[in-house]
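Enquirer: Sharing my_file27.pdb (PDB, C-alpha atoms) below.
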```
ATOM      1  CA  MET A   1     -17.306 -27.061 -29.653
ATOM      2  CA  ALA A   2     -16.234 -25.578 -26.317
ATOM      3  CA  THR A   3     -13.138 -27.036 -24.669
ATOM      4  CA  LEU A   4     -13.669 -28.136 -21.107
ATOM      5  CA  LEU A   5     -10.866 -27.002 -18.854
ATOM      6  CA  PRO A   6      -9.835 -29.200 -15.933
ATOM      7  CA  ALA A   7     -11.179 -28.161 -12.560
ATOM      8  CA  THR A   8      -8.702 -26.072 -10.602
ATOM      9  CA  SER A   9      -8.123 -25.895  -6.867
ATOM     10  CA  THR A  10      -6.529 -23.191  -4.730
ATOM     11  CA  ALA A  11      -7.192 -24.774  -1.350
ATOM     12  CA  TRP A  12      -3.838 -26.535  -0.805
ATOM     13  CA  THR A  13      -2.565 -26.341   2.746
ATOM     14  CA  LEU A  14      -0.892 -28.475   5.424
ATOM     15  CA  THR A  15      -2.077 -29.257   8.924
ATOM     16  CA  ALA A  16       0.218 -28.592  11.859
ATOM     17  CA  SER A  17       1.043 -32.318  12.097
ATOM     18  CA  GLU A  18       2.014 -32.367   8.398
ATOM     19  CA  ILE A  19       4.250 -29.319   8.899
ATOM     20  CA  CYS A  20       5.887 -31.026  11.877
ATOM     21  CA  THR A  21       6.380 -34.203   9.830
ATOM     22  CA  ASP A  22       8.020 -32.136   7.074
ATOM     23  CA  ALA A  23      10.386 -30.641   9.668
ATOM     24  CA  LEU A  24      11.388 -34.073  10.981
ATOM     25  CA  GLU A  25      11.979 -35.249   7.407
ATOM     26  CA  HIS A  26      14.097 -32.173   6.602
ATOM     27  CA  MET A  27      16.346 -33.079   9.558
ATOM     28  CA  GLY A  28      16.565 -36.745   8.574
ATOM     29  CA  ILE A  29      14.762 -37.903  11.724
ATOM     30  CA  LEU A  30      12.026 -39.481   9.589
ATOM     31  CA  ALA A  31      12.280 -41.174   6.232
ATOM     32  CA  ASP A  32       9.605 -40.568   3.621
ATOM     33  CA  GLY A  33       6.394 -42.299   4.681
ATOM     34  CA  GLU A  34       7.449 -42.931   8.284
ATOM     35  CA  THR A  35       5.258 -41.835  11.178
ATOM     36  CA  ALA A  36       6.674 -39.709  13.975
ATOM     37  CA  SER A  37       6.594 -40.933  17.540
ATOM     38  CA  SER A  38       4.244 -39.095  19.868
ATOM     39  CA  GLY A  39       7.246 -37.602  21.671
ATOM     40  CA  ASP A  40       8.870 -36.265  18.503
ATOM     41  CA  MET A  41       5.552 -34.895  17.253
ATOM     42  CA  HIS A  42       4.953 -33.130  20.584
ATOM     43  CA  THR A  43       8.454 -31.627  20.435
ATOM     44  CA  ALA A  44       7.937 -30.465  16.854
ATOM     45  CA  LEU A  45       4.531 -28.969  17.694
ATOM     46  CA  LYS A  46       6.100 -26.915  20.492
ATOM     47  CA  ALA A  47       8.711 -25.673  18.014
ATOM     48  CA  LEU A  48       5.981 -24.750  15.529
ATOM     49  CA  ASP A  49       4.276 -22.676  18.228
ATOM     50  CA  GLY A  50       7.606 -20.969  18.891
ATOM     51  CA  VAL A  51       8.047 -20.119  15.225
ATOM     52  CA  LEU A  52       4.483 -18.789  14.927
ATOM     53  CA  LYS A  53       4.748 -16.673  18.087
ATOM     54  CA  GLU A  54       7.971 -15.066  16.826
ATOM     55  CA  LEU A  55       6.721 -14.111  13.355
ATOM     56  CA  PRO A  56       5.556 -10.642  14.529
ATOM     57  CA  LEU A  57       9.102 -10.037  15.836
ATOM     58  CA  HIS A  58      10.374 -10.543  12.278
ATOM     59  CA  GLY A  59       7.950  -7.880  11.033
ATOM     60  CA  TYR A  60       4.969 -10.001  10.075
ATOM     61  CA  CYS A  61       1.600  -8.416  10.847
ATOM     62  CA  TRP A  62      -0.588 -11.312  11.965
ATOM     63  CA  PRO A  63      -3.918 -11.101  10.082
ATOM     64  CA  ALA A  64      -6.150 -11.556  13.102
ATOM     65  CA  LEU A  65      -8.049  -8.361  13.810
ATOM     66  CA  SER A  66     -10.549  -8.756  16.629
ATOM     67  CA  ALA A  67     -14.168  -7.745  16.563
ATOM     68  CA  ALA A  68     -15.191  -4.750  18.659
ATOM     69  CA  THR A  69     -14.938  -6.126  22.196
ATOM     70  CA  PRO A  70     -16.411  -4.623  25.406
ATOM     71  CA  LEU A  71     -13.957  -3.952  28.244
ATOM     72  CA  ASN A  72     -14.881  -4.411  31.889
ATOM     73  CA  TRP A  73     -14.273  -1.275  33.958
ATOM     74  CA  ALA A  74     -13.882  -2.094  37.662
ATOM     75  CA  GLY A  75     -13.905   1.478  38.959
ATOM     76  CA  ASP A  76     -10.160   2.021  38.611
ATOM     77  CA  GLN A  77      -7.688   3.662  36.234
ATOM     78  CA  VAL A  78      -6.371   0.302  35.023
ATOM     79  CA  VAL A  79      -8.473  -1.950  32.789
ATOM     80  CA  SER A  80      -7.521  -5.530  31.917
ATOM     81  CA  LEU A  81      -7.185  -6.297  28.215
ATOM     82  CA  PRO A  82      -8.536  -9.479  26.562
ATOM     83  CA  ASP A  83      -6.415 -12.620  26.943
ATOM     84  CA  ASP A  84      -5.717 -12.784  23.203
ATOM     85  CA  TYR A  85      -4.598  -9.134  22.932
ATOM     86  CA  TYR A  86      -1.312  -8.615  21.048
ATOM     87  CA  ALA A  87      -1.026  -4.974  19.926
ATOM     88  CA  TYR A  88      -2.435  -2.055  17.892
ATOM     89  CA  PRO A  89      -5.457  -1.138  20.032
ATOM     90  CA  ALA A  90      -8.251   1.212  19.050
ATOM     91  CA  VAL A  91     -10.276   2.092  22.163
ATOM     92  CA  TRP A  92     -13.640   3.850  22.286
ATOM     93  CA  SER A  93     -15.761   5.289  25.096
ATOM     94  CA  SER A  94     -19.537   5.546  24.812
ATOM     95  CA  VAL A  95     -20.220   7.191  28.166
ATOM     96  CA  SER A  96     -21.752  10.245  26.482
ATOM     97  CA  GLY A  97     -23.964   8.109  24.267
ATOM     98  CA  ALA A  98     -21.740   8.760  21.253
ATOM     99  CA  LYS A  99     -18.819   6.481  20.431
ATOM    100  CA  VAL A 100     -15.614   8.522  20.884
ATOM    101  CA  GLN A 101     -12.143   7.078  20.223
ATOM    102  CA  LEU A 102      -9.581   7.619  22.969
ATOM    103  CA  VAL A 103      -6.181   9.036  22.042
ATOM    104  CA  GLN A 104      -3.438   6.465  22.655
ATOM    105  CA  LEU A 105      -0.331   7.779  24.437
ATOM    106  CA  THR A 106       3.193   6.493  23.932
ATOM    107  CA  HIS A 107       5.296   5.555  26.962
ATOM    108  CA  ALA A 108       7.103   8.918  26.872
ATOM    109  CA  GLN A 109       3.835  10.838  26.571
ATOM    110  CA  TRP A 110       2.333   8.886  29.475
ATOM    111  CA  LEU A 111       5.308   9.712  31.695
ATOM    112  CA  ALA A 112       4.996  13.372  30.691
ATOM    113  CA  VAL A 113       1.371  13.656  31.859
ATOM    114  CA  PRO A 114       1.674  16.070  34.817
ATOM    115  CA  ASP A 115      -1.091  14.535  36.957
ATOM    116  CA  ARG A 116      -1.864  10.949  35.979
ATOM    117  CA  SER A 117      -4.306  10.614  38.882
ATOM    118  CA  ALA A 118      -6.555  13.476  37.741
ATOM    119  CA  THR A 119     -10.238  12.527  37.465
ATOM    120  CA  GLY A 120     -12.739  13.342  34.757
ATOM    121  CA  THR A 121     -14.014  11.918  31.487
ATOM    122  CA  ALA A 122     -11.383   9.612  29.984
ATOM    123  CA  THR A 123      -9.992  11.021  26.737
ATOM    124  CA  HIS A 124      -6.627   9.237  26.538
ATOM    125  CA  CYS A 125      -5.269   5.759  27.174
ATOM    126  CA  TYR A 126      -1.925   4.008  27.504
ATOM    127  CA  VAL A 127      -1.045   0.306  27.273
ATOM    128  CA  ASP A 128       1.671  -0.453  29.831
ATOM    129  CA  PRO A 129       4.413  -3.080  29.309
ATOM    130  CA  LEU A 130       2.404  -5.608  31.356
ATOM    131  CA  GLY A 131      -0.500  -5.345  28.902
ATOM    132  CA  ASP A 132      -2.908  -3.318  31.024
ATOM    133  CA  LEU A 133      -4.888  -0.360  29.682
ATOM    134  CA  CYS A 134      -4.489   2.832  31.706
ATOM    135  CA  LEU A 135      -7.100   5.591  31.366
ATOM    136  CA  TRP A 136      -6.607   9.339  31.675
ATOM    137  CA  PRO A 137      -8.206  11.220  33.230
ATOM    138  CA  VAL A 138      -9.351   8.570  35.710
ATOM    139  CA  PRO A 139     -13.084   8.163  35.057
ATOM    140  CA  ALA A 140     -15.528   8.723  37.890
ATOM    141  CA  VAL A 141     -18.286   6.764  36.129
ATOM    142  CA  ASP A 142     -18.211   3.741  33.836
ATOM    143  CA  PRO A 143     -16.651   4.955  30.546
ATOM    144  CA  VAL A 144     -18.392   2.119  28.624
ATOM    145  CA  LEU A 145     -15.257   0.998  26.830
ATOM    146  CA  SER A 146     -14.820  -1.143  23.746
ATOM    147  CA  ILE A 147     -11.653  -2.130  21.896
ATOM    148  CA  GLN A 148     -10.543  -3.537  18.573
ATOM    149  CA  TYR A 149      -7.028  -4.966  18.376
ATOM    150  CA  GLN A 150      -4.594  -7.351  16.760
ATOM    151  CA  ARG A 151      -5.030 -10.765  18.357
ATOM    152  CA  VAL A 152      -2.134 -12.875  19.571
ATOM    153  CA  VAL A 153      -0.954 -15.776  17.421
ATOM    154  CA  LEU A 154      -3.104 -18.771  18.313
ATOM    155  CA  ASP A 155      -1.531 -22.028  19.470
ATOM    156  CA  ALA A 156      -1.136 -24.661  16.769
ATOM    157  CA  LEU A 157      -3.495 -27.664  16.694
ATOM    158  CA  LEU A 158      -2.269 -30.896  15.113
ATOM    159  CA  VAL A 159      -5.321 -31.493  12.953
ATOM    160  CA  THR A 160      -5.765 -27.965  11.547
ATOM    161  CA  PRO A 161      -3.565 -25.676   9.426
ATOM    162  CA  PRO A 162      -2.081 -22.551  11.009
ATOM    163  CA  ALA A 163      -4.184 -19.472  10.264
ATOM    164  CA  LEU A 164      -1.677 -18.013   7.820
ATOM    165  CA  PRO A 165      -1.756 -17.116   4.131
ATOM    166  CA  GLN A 166      -0.957 -20.041   1.856
ATOM    167  CA  TYR A 167       2.522 -18.788   0.961
ATOM    168  CA  TRP A 168       3.656 -19.234   4.589
ATOM    169  CA  ILE A 169       2.704 -22.916   4.851
ATOM    170  CA  ASN A 170       5.670 -24.462   2.999
ATOM    171  CA  PRO A 171       8.351 -22.329   4.761
ATOM    172  CA  LEU A 172       7.096 -23.321   8.225
ATOM    173  CA  GLY A 173       8.500 -26.856   7.953
ATOM    174  CA  TYR A 174      11.971 -25.367   7.540
ATOM    175  CA  GLY A 175      11.333 -22.948  10.398
ATOM    176  CA  VAL A 176      10.415 -25.805  12.724
ATOM    177  CA  ALA A 177      13.427 -27.830  11.580
ATOM    178  CA  ASN A 178      15.670 -24.814  12.218
ATOM    179  CA  GLU A 179      14.323 -24.622  15.781
ATOM    180  CA  LEU A 180      15.069 -28.308  16.427
ATOM    181  CA  VAL A 181      18.470 -28.948  14.839
ATOM    182  CA  LEU A 182      20.345 -28.693  18.146
ATOM    183  CA  LYS A 183      17.831 -30.784  20.080
ATOM    184  CA  PHE A 184      18.102 -33.587  17.503
ATOM    185  CA  SER A 185      21.894 -33.223  17.004
ATOM    186  CA  VAL A 186      21.561 -32.626  13.268
ATOM    187  CA  PRO A 187      24.949 -32.543  11.458
ATOM    188  CA  GLN A 188      26.430 -29.101  10.876
ATOM    189  CA  ASP A 189      26.185 -29.150   7.071
ATOM    190  CA  LYS A 190      22.492 -30.026   7.216
ATOM    191  CA  ARG A 191      21.892 -27.380   9.915
ATOM    192  CA  LEU A 192      23.393 -24.750   7.626
ATOM    193  CA  GLU A 193      21.262 -25.762   4.641
ATOM    194  CA  ILE A 194      18.073 -25.808   6.743
ATOM    195  CA  ALA A 195      18.857 -22.351   8.157
ATOM    196  CA  GLN A 196      19.591 -20.947   4.707
ATOM    197  CA  ARG A 197      16.359 -22.323   3.263
ATOM    198  CA  TRP A 198      14.290 -21.074   6.213
ATOM    199  CA  ASN A 199      15.764 -17.588   6.064
ATOM    200  CA  ALA A 200      15.321 -17.317   2.296
ATOM    201  CA  LYS A 201      11.718 -18.575   2.374
ATOM    202  CA  LYS A 202      10.864 -16.455   5.422
ATOM    203  CA  ASP A 203      12.296 -13.307   3.833
ATOM    204  CA  ARG A 204      10.321 -13.853   0.620
ATOM    205  CA  ALA A 205       7.120 -14.421   2.610
ATOM    206  CA  LEU A 206       7.730 -11.249   4.630
ATOM    207  CA  GLU A 207       8.321  -9.265   1.447
ATOM    208  CA  SER A 208       5.032 -10.530   0.057
ATOM    209  CA  SER A 209       3.296  -9.521   3.291
ATOM    210  CA  ILE A 210       4.326  -5.852   3.066
ATOM    211  CA  ALA A 211       1.475  -3.602   1.989
ATOM    212  CA  SER A 212       2.095  -1.584  -1.168
ATOM    213  CA  GLU A 213       3.267   1.923  -0.445
ATOM    214  CA  ALA A 214       1.517   4.926  -1.952
ATOM    215  CA  ILE A 215       3.041   6.117  -5.218
ATOM    216  CA  CYS A 216       3.628   9.884  -5.301
ATOM    217  CA  PHE A 217       4.216  12.025  -8.374
ATOM    218  CA  SER A 218       5.587  15.529  -8.508
ATOM    219  CA  VAL A 219       6.154  18.050 -11.273
ATOM    220  CA  ALA A 220       9.766  19.008 -11.917
ATOM    221  CA  ASP A 221      10.624  22.688 -11.825
TER     222      ASP A 221
END
```
Rewrite the coordinates I just gave you, this time as structure tokens.
Expert:
Amino acid sequence: MATLLPATSTAWTLTASEICTDALEHMGILADGETASSGDMHTALKALDGVLKELPLHGYCWPALSAATPLNWAGDQVVSLPDDYYAYPAVWSSVSGAKVQLVQLTHAQWLAVPDRSATGTATHCYVDPLGDLCLWPVPAVDPVLSIQYQRVVLDALLVTPPALPQYWINPLGYGVANELVLKFSVPQDKRLEIAQRWNAKKDRALESSIASEAICFSVAD
């Protein structure tokens, strides 16, 4: 007779409000089962947004690749990027009827272009520090641009989980608590423990997020 195994679930997660509640409990602001005031929850939600927005600075590649998105050319060298643009653009022009990817220039390469105002069919592009896309040569006709890019981290909503892999969800409560320990005058010993736990959990999550490197073999002489 076959043995029936219990149903399994892999869908565990926490909403932003639950993460914020965890953070307030870690700091001792809330006891288990207590409900946060609207003011404390608002403060914790702002801290959660701060933690999420800074994850790319710690080396985390946010898994939010955009769809191919048309860009509006207004007859100039500079083209505005989408509001949710973060980084890693791939830009194509279809002015010739075929989709051709533009070559992205670094800041040094852009400065080294001898005549940045030259006109012609755009073959290169540069994203300036203000987040605008600069084309070179400057197109005389609509280059029919499209872009795919890494989207910015979305703002947290209380009733939904952050759009992160599952292994990030538990560490975030400690990250939010670490952001708030000064605001809530948390004792020094508890601050230290919260910081240590956040850093350890964050580092493990970042390690898990790193793509596997290629393994190379060579023959010894």
Enquirer: Given the file shown, enumerate the residues that the PyMOL selection byres ((chain A and resi 14) around 9) captures and present them as a PyMOL selection string.
Expert: chain A and resi 12-13+15-19+160-162+169-170
Enquirer: Could you check the closest approach to Ala118 (chain A) for each of A:Pro187, A:Pro139, A:Pro56, A:Gly131 and tell me which residue wins, using all atoms listed in the file?
Expert: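 Going through A:Pro187, A:Pro139, A:Pro56, A:Gly131 one by one, the smallest distance to Ala118 (chain A) is for A:Pro139.
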Enquirer: Run the PyMOL selection byres ((chain A and resi 75) around 10) mentally over the shown coordinates, then write out the matched residues as a PDB file with C-alpha atoms, in the frame of the given file, using the chain letters and numbers from the document.
Expert:
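Here's the written file selection.pdb:
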```pdb
ATOM      1  CA  ASN A  72     -14.881  -4.411  31.889  1.00  0.00           C
ATOM      2  CA  TRP A  73     -14.273  -1.275  33.958  1.00  0.00           C
ATOM      3  CA  ALA A  74     -13.882  -2.094  37.662  1.00  0.00           C
ATOM      4  CA  ASP A  76     -10.160   2.021  38.611  1.00  0.00           C
ATOM      5  CA  GLN A  77      -7.688   3.662  36.234  1.00  0.00           C
ATOM      6  CA  VAL A  78      -6.371   0.302  35.023  1.00  0.00           C
ATOM      7  CA  VAL A  79      -8.473  -1.950  32.789  1.00  0.00           C
ATOM      8  CA  VAL A 138      -9.351   8.570  35.710  1.00  0.00           C
ATOM      9  CA  PRO A 139     -13.084   8.163  35.057  1.00  0.00           C
ATOM     10  CA  ALA A 140     -15.528   8.723  37.890  1.00  0.00           C
ATOM     11  CA  VAL A 141     -18.286   6.764  36.129  1.00  0.00           C
ATOM     12  CA  ASP A 142     -18.211   3.741  33.836  1.00  0.00           C
ATOM     13  CA  PRO A 143     -16.651   4.955  30.546  1.00  0.00           C
TER      14      PRO A 143
END
```
Enquirer: Pick the closest to Ala156 (chain A) from A:Ser94, A:Gly33, A:Asp22, A:Leu45: which is it, counting only C-alpha atoms?
Expert: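 For Ala156 (chain A), the nearest of the candidates is A:Leu45.
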Enquirer: From the list A:Thr123, A:Ile194, A:Lys183, A:Asn178, which residue is nearest Lys99 (chain A) when using all atoms listed in the file?
Expert: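 Result for the nearest residue to Lys99 (chain A): A:Thr123.
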Enquirer: Distance CA of Pro82 (chain A)-CA of Thr69 (chain A), one decimal place?
Expert: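 Interatomic distance, CA of Pro82 (chain A) to CA of Thr69 (chain A): 8.4 Å.
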Enquirer: For a test of reading the model, state the distance in Å between CA of Lys46 (chain A) and CA of Leu24 (chain A), rounded to one decimal.
Expert: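 Rounded to one decimal, the two atoms are 13.0 Å apart.
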Enquirer: One decimal, in Å: what's the spacing between CA of Leu57 (chain A) and CA of Asp128 (chain A)?
Expert: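 So the answer is 18.5 Å.
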Enquirer: Carefully work through the PyMOL selection byres ((chain A and resi 87) around 7) for this structure and note down the residues it includes, as a list of chain:residue names.
Expert: A:Tyr85, A:Tyr86, A:Tyr88, A:Pro89, A:Tyr149, A:Gln150
Enquirer: Just to be explicit: take each residue in the selection above, keep C-alpha atoms, and write the result as a tab-separated table (two decimals), in the coordinates of the input.
Expert:
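And here is the file that came out, part07.tsv:
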```
chain	number	residue	atom	x	y	z
A	85	TYR	CA	-4.60	-9.13	22.93
A	86	TYR	CA	-1.31	-8.62	21.05
A	88	TYR	CA	-2.44	-2.06	17.89
A	89	PRO	CA	-5.46	-1.14	20.03
A	149	TYR	CA	-7.03	-4.97	18.38
A	150	GLN	CA	-4.59	-7.35	16.76
```
Enquirer: Anything within 9 Å of (7.3, -35.7, 15.0): list those residues as a PyMOL selection string, counting all atoms listed in the file and sticking to the file's coordinates.
Expert: chain A and resi 17+20-25+29-30+35-45
Enquirer: Skipping near chain neighbours, those fewer than 5 positions away, what residues fall within 8 Å of Gln148 (chain A) using only C-alpha atoms, listed as a list in words?
Expert: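 Near Gln148 (chain A), the qualifying residues are Leu65, Ser66, Ala67, Ala68, Thr69, Pro89, Ala90 and Val91 of chain A.
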Enquirer: Could you give me, as a PyMOL selection string, the residues that sit within 8 Å of (-1.8, -16.2, 20.2) in the file's coordinates, counting only C-alpha atoms?
Expert: chain A and resi 53+84+86+151-155
Enquirer: Could you list, as a PyMOL selection string, every residue within 10 Å of Lys201 (chain A), counting all atoms listed in the file and ignoring same-chain residues fewer than 5 positions away?
Expert: chain A and resi 167-168+170-172+174-175+195-196+206-207
Enquirer: Could you check which of A:Leu145, A:Ala108, A:Cys125, A:Leu55 is closest to Ser96 (chain A), using only C-alpha atoms?
Expert: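 Using only C-alpha atoms, the shortest distance to Ser96 (chain A) belongs to A:Leu145.
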Enquirer: Hey, could you pull the box centre and edge lengths for region 145-159 of chain A, axis-aligned, 4 Å padding per side, all listed atoms, to one decimal in Å, as lines of an AutoDock Vina configuration file?
Expert:
```
center_x = -8.1
center_y = -15.2
center_z = 19.9
size_x = 22.3
size_y = 40.5
size_z = 21.9
```
Enquirer: Which residue out of A:Met27, A:Ala47, A:Val144, A:Leu164 has the minimum interatomic distance to Val186 (chain A) when all atoms listed in the file are used?
Expert: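 For Val186 (chain A), the nearest of the candidates is A:Met27.
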Enquirer: Taking all atoms listed in the file into account, which of A:Ala163, A:Ala11, A:Ala200, A:Leu105 comes nearest Trp136 (chain A)?
Expert: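 Of A:Ala163, A:Ala11, A:Ala200, A:Leu105, the one nearest Trp136 (chain A) is A:Leu105, counting all atoms listed in the file.
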